[in-house]
$ cat target_8.txt   # compact mmCIF, C-alpha atoms
# COMPACT_ATOMS: atom_id res chain seq x y z
CA MET T 1 82.67 82.24 77.60
CA LYS T 2 84.11 80.35 80.56
CA LYS T 3 86.91 81.92 82.55
CA ASN T 4 90.29 80.31 82.91
CA PRO T 5 90.44 78.55 86.34
CA ALA T 6 93.55 80.54 87.28
CA GLU T 7 91.72 83.80 86.48
CA SER T 8 88.81 82.69 88.66
CA VAL T 9 91.12 81.88 91.56
CA ALA T 10 92.80 85.29 91.22
CA ARG T 11 89.43 87.07 91.05
CA PHE T 12 88.11 85.32 94.15
CA ALA T 13 91.41 85.89 95.99
CA ASP T 14 91.05 89.62 95.29
CA MET T 15 87.46 89.56 96.55
CA LEU T 16 88.51 87.79 99.75
CA ALA T 17 91.40 90.21 100.22
CA ALA T 18 88.99 93.15 99.89
CA MET T 19 86.79 91.67 102.61
CA GLY T 20 89.85 90.85 104.72
CA ALA T 21 89.82 94.33 106.24
CA GLU T 22 87.48 94.45 109.24
CA PRO T 23 85.68 97.67 108.22
CA ARG T 24 84.97 96.33 104.73
CA LEU T 25 83.62 93.07 106.08
CA ARG T 26 81.36 95.07 108.40
CA ILE T 27 80.16 97.14 105.41
CA VAL T 28 79.32 94.04 103.37
CA ARG T 29 77.46 92.47 106.28
CA LEU T 30 75.51 95.68 106.88
CA LEU T 31 74.58 95.94 103.21
CA LEU T 32 73.39 92.33 103.26
CA THR T 33 71.05 93.19 106.15
CA ALA T 34 69.62 95.99 104.01
CA HIS T 35 69.29 93.86 100.86
CA PRO T 36 67.78 94.48 98.34
CA ASP T 37 67.25 98.20 99.04
CA GLY T 38 70.79 98.95 100.16
CA LEU T 39 71.83 102.04 102.08
CA VAL T 40 72.99 105.54 101.24
CA VAL T 41 76.48 106.50 102.36
CA GLY T 42 75.22 108.55 105.32
CA GLU T 43 73.28 105.58 106.63
CA ILE T 44 76.35 103.35 106.41
CA GLN T 45 78.44 105.98 108.17
CA THR T 46 75.87 106.44 110.95
CA GLU T 47 75.46 102.72 111.46
CA LEU T 48 79.17 101.85 111.52
CA GLY T 49 80.75 105.09 112.79
CA ILE T 50 83.39 105.22 110.06
CA ALA T 51 84.87 108.61 109.12
CA PRO T 52 83.64 109.85 105.70
CA SER T 53 87.01 109.77 103.92
CA THR T 54 87.80 106.32 105.30
CA LEU T 55 84.34 105.03 104.39
CA SER T 56 84.75 106.36 100.86
CA HIS T 57 88.04 104.46 100.52
CA HIS T 58 86.50 101.20 101.76
CA LEU T 59 83.42 101.51 99.54
CA GLU T 60 85.61 102.17 96.50
CA LYS T 61 87.70 99.06 97.21
CA LEU T 62 84.54 96.94 97.56
CA LYS T 63 83.13 98.42 94.35
CA ASN T 64 86.38 97.75 92.46
CA GLU T 65 86.20 94.08 93.45
CA ASP T 66 82.51 93.92 92.40
CA LEU T 67 81.33 93.14 95.93
CA VAL T 68 78.99 96.14 96.06
CA LYS T 69 77.00 98.06 93.49
CA VAL T 70 76.38 101.79 93.59
CA ARG T 71 73.75 103.98 92.01
CA ARG T 72 73.16 107.70 92.22
CA GLU T 73 69.86 108.92 93.65
CA SER T 74 69.74 112.69 93.29
CA THR T 75 72.59 113.88 95.51
CA TYR T 76 73.01 110.52 97.29
CA LEU T 77 74.95 107.39 96.47
CA ARG T 78 73.09 104.18 97.33
CA TYR T 79 75.17 101.05 97.85
CA THR T 80 73.87 97.49 97.68
CA ALA T 81 75.61 94.18 98.24
CA ASN T 82 76.32 92.39 94.97
CA THR T 83 74.66 89.15 96.01
CA GLU T 84 75.42 87.48 92.68
CA ALA T 85 79.16 88.03 93.14
CA LEU T 86 78.94 86.84 96.75
CA ARG T 87 77.01 83.76 95.64
CA GLU T 88 79.73 83.02 93.06
CA LEU T 89 82.39 83.40 95.75
CA LEU T 90 80.62 80.99 98.08
CA ALA T 91 80.00 78.52 95.25
CA PHE T 92 83.71 78.67 94.40
CA LEU T 93 84.65 77.99 98.02
CA TYR T 94 82.25 75.05 98.29
CA ALA T 95 82.69 73.64 94.76
CA GLU T 96 85.04 70.89 95.86
CA CYS T 97 83.46 70.32 99.28
CA CYS T 98 83.83 66.72 100.40
CA THR T 99 84.77 65.46 96.92
CA ARG T 100 87.86 63.57 98.08
CA ASN T 101 86.27 61.40 100.70
CA GLN T 102 82.71 61.38 99.26
CA ALA T 103 81.34 61.75 102.81
CA VAL T 104 78.76 64.26 101.62
CA LYS T 105 77.49 64.91 98.11
CA PRO T 106 78.30 68.47 97.04
CA GLY T 107 75.15 70.53 96.89
CA PRO T 108 73.86 74.06 96.65
CA PHE T 109 75.56 75.34 99.81
CA ALA T 110 75.92 78.86 98.50
CA GLN T 111 72.44 80.33 98.36
CA LEU T 112 71.83 83.86 99.58
CA CYS T 113 68.47 85.30 100.45
CA GLU T 114 66.96 87.10 97.47
CA HIS T 115 63.67 87.87 99.18
CA PRO T 116 62.72 91.54 99.45
CA ALA T 117 63.15 93.08 102.87
CA THR T 118 60.13 92.55 105.04
CA PRO T 119 57.82 95.54 105.47
CA ALA T 120 58.72 95.69 109.17
CA ARG T 121 62.45 95.93 108.42
CA ARG T 122 61.87 98.63 105.82
CA ALA T 123 59.69 100.61 108.23
CA ALA T 124 62.30 100.33 110.99
CA ARG T 125 65.06 101.59 108.66
CA LYS T 126 62.89 104.48 107.44
CA LYS T 127 62.11 105.42 111.03
CA ARG T 128 65.79 105.28 112.00
CA PHE T 129 67.12 107.15 108.97
CA GLY T 130 64.17 109.32 107.94
CA GLU T 131 61.93 109.27 104.91
CA SER T 132 64.63 110.22 102.38
CA ARG T 133 64.36 106.93 100.49

$ encode --input "target_8.txt" --output "structure tokens"
Amino acid sequence: MKKNPAESVARFADMLAAMGAEPRLRIVRLLLTAHPDGLVVGEIQTELGIAPSTLSHHLEKLKNEDLVKVRRESTYLRYTANTEALRELLAFLYAECCTRNQAVKPGPFAQLCEHPATPARRAARKKRFGESR
């Protein structure tokens, strides 16, 4: 079932508002660098230097707006960027691109990398954060 256009605008406005706080935008960008594996909370905290209670607040806000996904791994919470939601957001932003003046045909501007992390990137993260993954 298709969403009402006004509902879509409200949803995307909420997503943009969630990323409008500098720490949350930094979290999303960091999680995109770790895609598709994601990071556990301690790794995010170490990387960004955000206090635990503050980080928890920001992660909850991002989760509530469907910008990140979370899964429990034993005693850890692993967060990943919700690339599908981010792709939808970018597609929404670019949907009407250049349609008034027809200077450029609208195209698939909003593609995000879905390739698994390279072995070198995974090895570097494991070395930096230990073998707990």

$ residues_around --input "target_8.txt" --residues "Pro23 in chain T" --least-positions-apart "4" --cutoff "9 Å" --atoms "only C-alpha atoms" --output "PyMOL selection string"
chain T and resi 19+27-28+48+50+55+58

$ closest_residue --input "target_8.txt" --among "T:Leu30, T:Leu93, T:Leu25, T:Asn64" --to "Gln45 in chain T" --atoms "all atoms listed in the file"
T:Leu30

$ axis_aligned_box --input "target_8.txt" --around "range 9-24 of chain T" --padding-each-side "4 Å" --output "JSON"
{"center_x": 88.9, "center_y": 89.8, "center_z": 100.1, "size_x": 15.8, "size_y": 23.8, "size_z": 26.2}

$ residues_around --input "target_8.txt" --residues "Val41 in chain T" --least-positions-apart "4" --cutoff "8 Å" --atoms "all atoms listed in the file" --output "number ranges by chain"
T: 45, 76-79

$ atom_distance --input "target_8.txt" --atom1 "CA of Gly20 in chain T" --atom2 "CA of Leu62 in chain T"
10.8 Å

$ residues_around --input "target_8.txt" --residues "Gly38 in chain T" --least-positions-apart "4" --cutoff "6 Å" --atoms "all atoms listed in the file" --output "list in words"
Leu31, Ala34, Tyr79 and Thr80 of chain T

$ closest_residue --input "target_8.txt" --among "T:Leu39, T:Ala17, T:Leu32, T:Ala6" --to "Glu73 in chain T" --atoms "only C-alpha atoms"
T:Leu39

$ atom_distance --input "target_8.txt" --atom1 "CA of Glu60 in chain T" --atom2 "CA of Ala18 in chain T"
10.2 Å

$ closest_residue --input "target_8.txt" --among "T:His57, T:Phe12, T:Glu7, T:Arg72" --to "Glu88 in chain T" --atoms "all atoms listed in the file"
T:Phe12

$ atom_distance --input "target_8.txt" --atom1 "CA of Ser56 in chain T" --atom2 "CA of Ser8 in chain T"
26.9 Å

$ residues_near_point --input "target_8.txt" --point "(88.8, 94.9, 86.8)" --cutoff "12 Å" --atoms "only C-alpha atoms" --output "JSON, numbers by chain"
{"T": [7, 10, 11, 14, 15, 61, 62, 63, 64, 65, 66, 67]}
